[in-house]
>>> print(open('entry_33.pdb').read())   # PDB, C-alpha atoms, pLDDT in the B column
ATOM      1  CA  THR A 107      14.415-125.643   4.991  1.00 69.00           C
ATOM      2  CA  LYS A 108      16.586-122.492   4.922  1.00 79.00           C
ATOM      3  CA  GLN A 109      19.795-124.485   5.290  1.00 88.00           C
ATOM      4  CA  LEU A 110      21.568-122.745   2.384  1.00 88.00           C
ATOM      5  CA  PRO A 111      22.684-119.103   2.320  1.00 87.00           C
ATOM      6  CA  LYS A 112      20.949-118.681  -1.080  1.00 86.00           C
ATOM      7  CA  ASN A 113      18.737-120.891  -3.233  1.00 84.00           C
ATOM      8  CA  VAL A 114      21.334-121.016  -6.022  1.00 84.00           C
ATOM      9  CA  PHE A 115      24.140-123.185  -7.271  1.00 85.00           C
ATOM     10  CA  ALA A 116      27.027-122.476  -9.614  1.00 87.00           C
ATOM     11  CA  PHE A 117      29.408-124.483 -11.773  1.00 85.00           C
ATOM     12  CA  TYR A 118      32.933-123.553 -12.756  1.00 83.00           C
ATOM     13  CA  LEU A 119      34.477-125.813 -15.387  1.00 77.00           C
ATOM     14  CA  GLY A 120      38.262-125.760 -15.371  1.00 73.00           C
ATOM     15  CA  THR A 121      40.410-125.714 -18.470  1.00 69.00           C
ATOM     16  CA  ALA A 122      43.031-128.043 -19.841  1.00 63.00           C
ATOM     17  CA  SER A 123      45.536-125.151 -19.808  1.00 62.00           C
ATOM     18  CA  SER A 124      45.352-125.069 -16.018  1.00 55.00           C
ATOM     19  CA  PRO A 125      48.423-126.259 -14.099  1.00 57.00           C
ATOM     20  CA  VAL A 126      46.227-129.055 -12.698  1.00 56.00           C
ATOM     21  CA  ALA A 127      43.832-131.373 -14.484  1.00 56.00           C
ATOM     22  CA  PRO A 128      40.505-129.735 -15.502  1.00 50.00           C
ATOM     23  CA  GLU A 129      38.537-131.956 -13.150  1.00 54.00           C
ATOM     24  CA  ALA A 130      40.781-130.888 -10.276  1.00 62.00           C
ATOM     25  CA  ASN A 131      40.250-127.145 -10.865  1.00 73.00           C
ATOM     26  CA  SER A 132      36.505-127.325 -11.513  1.00 81.00           C
ATOM     27  CA  GLU A 133      33.915-126.771  -8.820  1.00 85.00           C
ATOM     28  CA  LEU A 134      30.265-126.902  -7.870  1.00 88.00           C
ATOM     29  CA  VAL A 135      29.117-124.377  -5.274  1.00 90.00           C
ATOM     30  CA  ILE A 136      25.789-125.123  -3.596  1.00 93.00           C
ATOM     31  CA  GLY A 137      24.118-122.178  -1.882  1.00 92.00           C
ATOM     32  CA  GLY A 138      26.114-119.485  -3.657  1.00 91.00           C
ATOM     33  CA  SER A 139      28.785-118.773  -6.244  1.00 91.00           C
ATOM     34  CA  ASP A 140      32.514-118.069  -6.305  1.00 90.00           C
ATOM     35  CA  PRO A 141      33.157-114.457  -7.455  1.00 90.00           C
ATOM     36  CA  ASN A 142      36.681-115.461  -8.511  1.00 87.00           C
ATOM     37  CA  HIS A 143      35.146-117.087 -11.583  1.00 87.00           C
ATOM     38  CA  TYR A 144      32.943-114.317 -13.023  1.00 87.00           C
ATOM     39  CA  THR A 145      32.496-110.570 -13.325  1.00 90.00           C
ATOM     40  CA  GLY A 146      29.331-108.495 -13.192  1.00 92.00           C
ATOM     41  CA  GLU A 147      25.961-109.369 -11.765  1.00 89.00           C
ATOM     42  CA  PHE A 148      23.719-112.375 -12.288  1.00 84.00           C
ATOM     43  CA  THR A 149      20.441-112.021 -14.115  1.00 84.00           C
ATOM     44  CA  TYR A 150      17.738-114.498 -13.249  1.00 84.00           C
ATOM     45  CA  GLU A 151      15.488-115.875 -15.956  1.00 90.00           C
ATOM     46  CA  PRO A 152      12.100-117.341 -15.012  1.00 91.00           C
ATOM     47  CA  LEU A 153      11.274-120.864 -16.068  1.00 92.00           C
ATOM     48  CA  THR A 154       8.638-121.114 -18.763  1.00 93.00           C
ATOM     49  CA  LYS A 155       7.652-124.643 -17.772  1.00 89.00           C
ATOM     50  CA  ASP A 156       7.327-125.772 -14.171  1.00 81.00           C
ATOM     51  CA  GLY A 157       9.323-128.851 -13.248  1.00 79.00           C
ATOM     52  CA  TYR A 158      11.749-128.443 -16.150  1.00 83.00           C
ATOM     53  CA  TRP A 159      14.675-126.085 -16.808  1.00 87.00           C
ATOM     54  CA  GLN A 160      12.904-124.502 -19.782  1.00 93.00           C
ATOM     55  CA  ILE A 161      13.444-120.778 -20.439  1.00 94.00           C
ATOM     56  CA  ALA A 162      12.599-118.265 -23.159  1.00 95.00           C
ATOM     57  CA  LEU A 163      15.153-118.094 -25.971  1.00 95.00           C
ATOM     58  CA  GLY A 164      15.568-114.676 -27.576  1.00 95.00           C
ATOM     59  CA  GLY A 165      17.730-115.993 -30.379  1.00 95.00           C
ATOM     60  CA  LEU A 166      20.928-117.807 -31.295  1.00 96.00           C
ATOM     61  CA  GLU A 167      23.500-116.218 -33.597  1.00 97.00           C
ATOM     62  CA  VAL A 168      26.865-117.073 -35.109  1.00 96.00           C
ATOM     63  CA  GLY A 169      28.798-114.124 -36.494  1.00 93.00           C
ATOM     64  CA  GLY A 170      25.699-111.924 -36.218  1.00 94.00           C
ATOM     65  CA  ALA A 171      23.602-114.287 -38.363  1.00 96.00           C
ATOM     66  CA  SER A 172      20.462-115.790 -36.845  1.00 96.00           C
ATOM     67  CA  MET A 173      20.581-119.585 -36.681  1.00 96.00           C
ATOM     68  CA  THR A 174      17.073-120.427 -35.444  1.00 95.00           C
ATOM     69  CA  THR A 175      13.536-119.203 -34.878  1.00 94.00           C
ATOM     70  CA  VAL A 176      13.066-121.468 -31.846  1.00 95.00           C
ATOM     71  CA  THR A 177      11.808-119.514 -28.823  1.00 95.00           C
ATOM     72  CA  LYS A 178      12.322-122.039 -26.009  1.00 94.00           C
ATOM     73  CA  ALA A 179      15.471-123.631 -24.621  1.00 93.00           C
ATOM     74  CA  ILE A 180      16.358-126.176 -21.964  1.00 91.00           C
ATOM     75  CA  VAL A 181      19.260-125.436 -19.627  1.00 85.00           C
ATOM     76  CA  ASP A 182      21.057-128.653 -18.709  1.00 82.00           C
ATOM     77  CA  SER A 183      24.371-128.319 -16.894  1.00 73.00           C
ATOM     78  CA  GLY A 184      24.828-132.080 -17.111  1.00 75.00           C
ATOM     79  CA  THR A 185      25.538-132.194 -20.827  1.00 76.00           C
ATOM     80  CA  SER A 186      27.835-130.636 -23.376  1.00 75.00           C
ATOM     81  CA  LEU A 187      25.344-131.125 -26.209  1.00 80.00           C
ATOM     82  CA  LEU A 188      23.602-128.447 -28.212  1.00 81.00           C
ATOM     83  CA  ALA A 189      20.371-129.977 -29.452  1.00 87.00           C
ATOM     84  CA  GLY A 190      17.634-128.543 -31.609  1.00 91.00           C
ATOM     85  CA  PRO A 191      15.711-128.915 -34.840  1.00 93.00           C
ATOM     86  CA  PRO A 192      17.942-130.847 -37.297  1.00 93.00           C
ATOM     87  CA  ASP A 193      18.067-128.067 -39.907  1.00 94.00           C
ATOM     88  CA  ASP A 194      19.049-125.478 -37.275  1.00 95.00           C
ATOM     89  CA  VAL A 195      21.715-127.741 -35.785  1.00 94.00           C
ATOM     90  CA  LYS A 196      23.162-128.334 -39.265  1.00 94.00           C
ATOM     91  CA  LYS A 197      23.215-124.578 -39.913  1.00 96.00           C
ATOM     92  CA  ILE A 198      25.019-123.917 -36.598  1.00 95.00           C
ATOM     93  CA  ALA A 199      27.484-126.765 -37.212  1.00 95.00           C
ATOM     94  CA  GLU A 200      28.355-125.434 -40.666  1.00 95.00           C
ATOM     95  CA  ALA A 201      28.771-121.886 -39.309  1.00 96.00           C
ATOM     96  CA  VAL A 202      31.306-122.977 -36.665  1.00 95.00           C
ATOM     97  CA  GLY A 203      33.081-125.619 -38.752  1.00 94.00           C
ATOM     98  CA  ALA A 204      31.828-128.682 -36.878  1.00 95.00           C
ATOM     99  CA  LYS A 205      32.122-132.066 -38.600  1.00 95.00           C
ATOM    100  CA  LYS A 206      29.247-134.511 -38.985  1.00 94.00           C
ATOM    101  CA  ILE A 207      29.629-137.835 -37.219  1.00 94.00           C
ATOM    102  CA  PRO A 208      29.018-140.571 -39.808  1.00 94.00           C
ATOM    103  CA  PHE A 209      25.697-142.422 -39.467  1.00 94.00           C
ATOM    104  CA  LEU A 210      24.575-140.212 -36.547  1.00 91.00           C
ATOM    105  CA  PRO A 211      22.544-137.005 -36.451  1.00 89.00           C
ATOM    106  CA  GLU A 212      25.362-135.330 -34.501  1.00 92.00           C
ATOM    107  CA  TYR A 213      28.341-133.046 -35.092  1.00 94.00           C
ATOM    108  CA  THR A 214      31.620-132.570 -33.259  1.00 93.00           C
ATOM    109  CA  ILE A 215      34.181-129.794 -33.026  1.00 92.00           C
ATOM    110  CA  ASP A 216      37.588-129.808 -31.410  1.00 89.00           C
ATOM    111  CA  CYS A 217      37.653-127.833 -28.156  1.00 82.00           C
ATOM    112  CA  ASN A 218      40.731-125.963 -29.414  1.00 86.00           C
ATOM    113  CA  ALA A 219      39.267-125.158 -32.826  1.00 90.00           C
ATOM    114  CA  SER A 220      39.356-121.599 -34.075  1.00 92.00           C
ATOM    115  CA  ALA A 221      35.621-121.008 -34.444  1.00 92.00           C
ATOM    116  CA  PRO A 222      33.274-118.037 -34.195  1.00 94.00           C
ATOM    117  CA  ASP A 223      31.347-117.472 -30.976  1.00 92.00           C
ATOM    118  CA  ILE A 224      27.834-118.811 -30.606  1.00 93.00           C
ATOM    119  CA  ASP A 225      25.754-116.016 -29.076  1.00 95.00           C
ATOM    120  CA  VAL A 226      22.772-117.287 -27.111  1.00 93.00           C
ATOM    121  CA  LYS A 227      20.200-114.647 -26.196  1.00 94.00           C
ATOM    122  CA  ILE A 228      18.210-115.632 -23.149  1.00 93.00           C
ATOM    123  CA  GLY A 229      14.806-114.110 -22.507  1.00 91.00           C
TER     124      GLY A 229
END
>>> encode(input="entry_33.pdb", output="structure tokens")
Amino acid sequence: TKQLPKNVFAFYLGTASSPVAPEANSELVIGGSDPNHYTGEFTYEPLTKDGYWQIALGGLEVGGASMTTVTKAIVDSGTSLLAGPPDDVKKIAEAVGAKKIPFLPEYTIDCNASAPDIDVKIG
């Protein structure tokens, strides 16, 4: 209906080190983005499945080592989970020092942990 300046939205998730609570310094911008929270230009990735936020995955690495051969990913801004084939998830968890949750097929890592970056290659 052309009511937004742009057909985009952006999230900024605040940090606990902020002088205010993370939820108070986080934001959702509908119809644009706040350039105070990023540098550079946006690159748009086409969806590979209509009706779902599925995109092409060019790879996932930890410390330069490939962690998966999966070629599709789902972008979900409503979750903090990283999901995938169980063997790949275990490999990623071990590479970053995540701990297995007993009796569940899940791992957890402290937000302040000293861990290597997870490099996600989109496209």
>>> atom_distance(input="entry_33.pdb", atom1="atom CA of A:Thr154", atom2="atom CA of A:Lys178")
8.2 Å
>>> resolve_selection(input="entry_33.pdb", expression="the PyMOL selection byres ((chain A and resi 152) around 12)", output="list in words")
Thr149, Tyr150, Glu151, Leu153, Thr154, Lys155, Asp156, Gly157, Tyr158, Trp159, Gln160, Ile161, Ala162, Leu163, Lys178, Ala179, Val181, Ile228 and Gly229 of chain A
>>> closest_residue(input="entry_33.pdb", among="A:Val202, A:Leu166, A:Met173, A:Leu119", to="A:His143", atoms="only C-alpha atoms")
A:Leu119
>>> residues_around(input="entry_33.pdb", residues="A:Pro191", least_positions_apart="6", cutoff="10 Å", atoms="only C-alpha atoms", output="list in words")
Thr174, Thr175 and Val176 of chain A
>>> closest_residue(input="entry_33.pdb", among="A:Val114, A:Lys108, A:Asp225, A:Phe148", to="A:Leu134", atoms="only C-alpha atoms")
A:Val114
>>> closest_residue(input="entry_33.pdb", among="A:Thr145, A:Ser186, A:Glu167, A:Val195", to="A:Cys217", atoms="all atoms listed in the file")
A:Ser186
>>> atom_distance(input="entry_33.pdb", atom1="atom CA of A:Ala201", atom2="atom CA of A:Val168")
6.7 Å
>>> atom_distance(input="entry_33.pdb", atom1="atom CA of A:Gly165", atom2="atom CA of A:Ala199")
16.1 Å
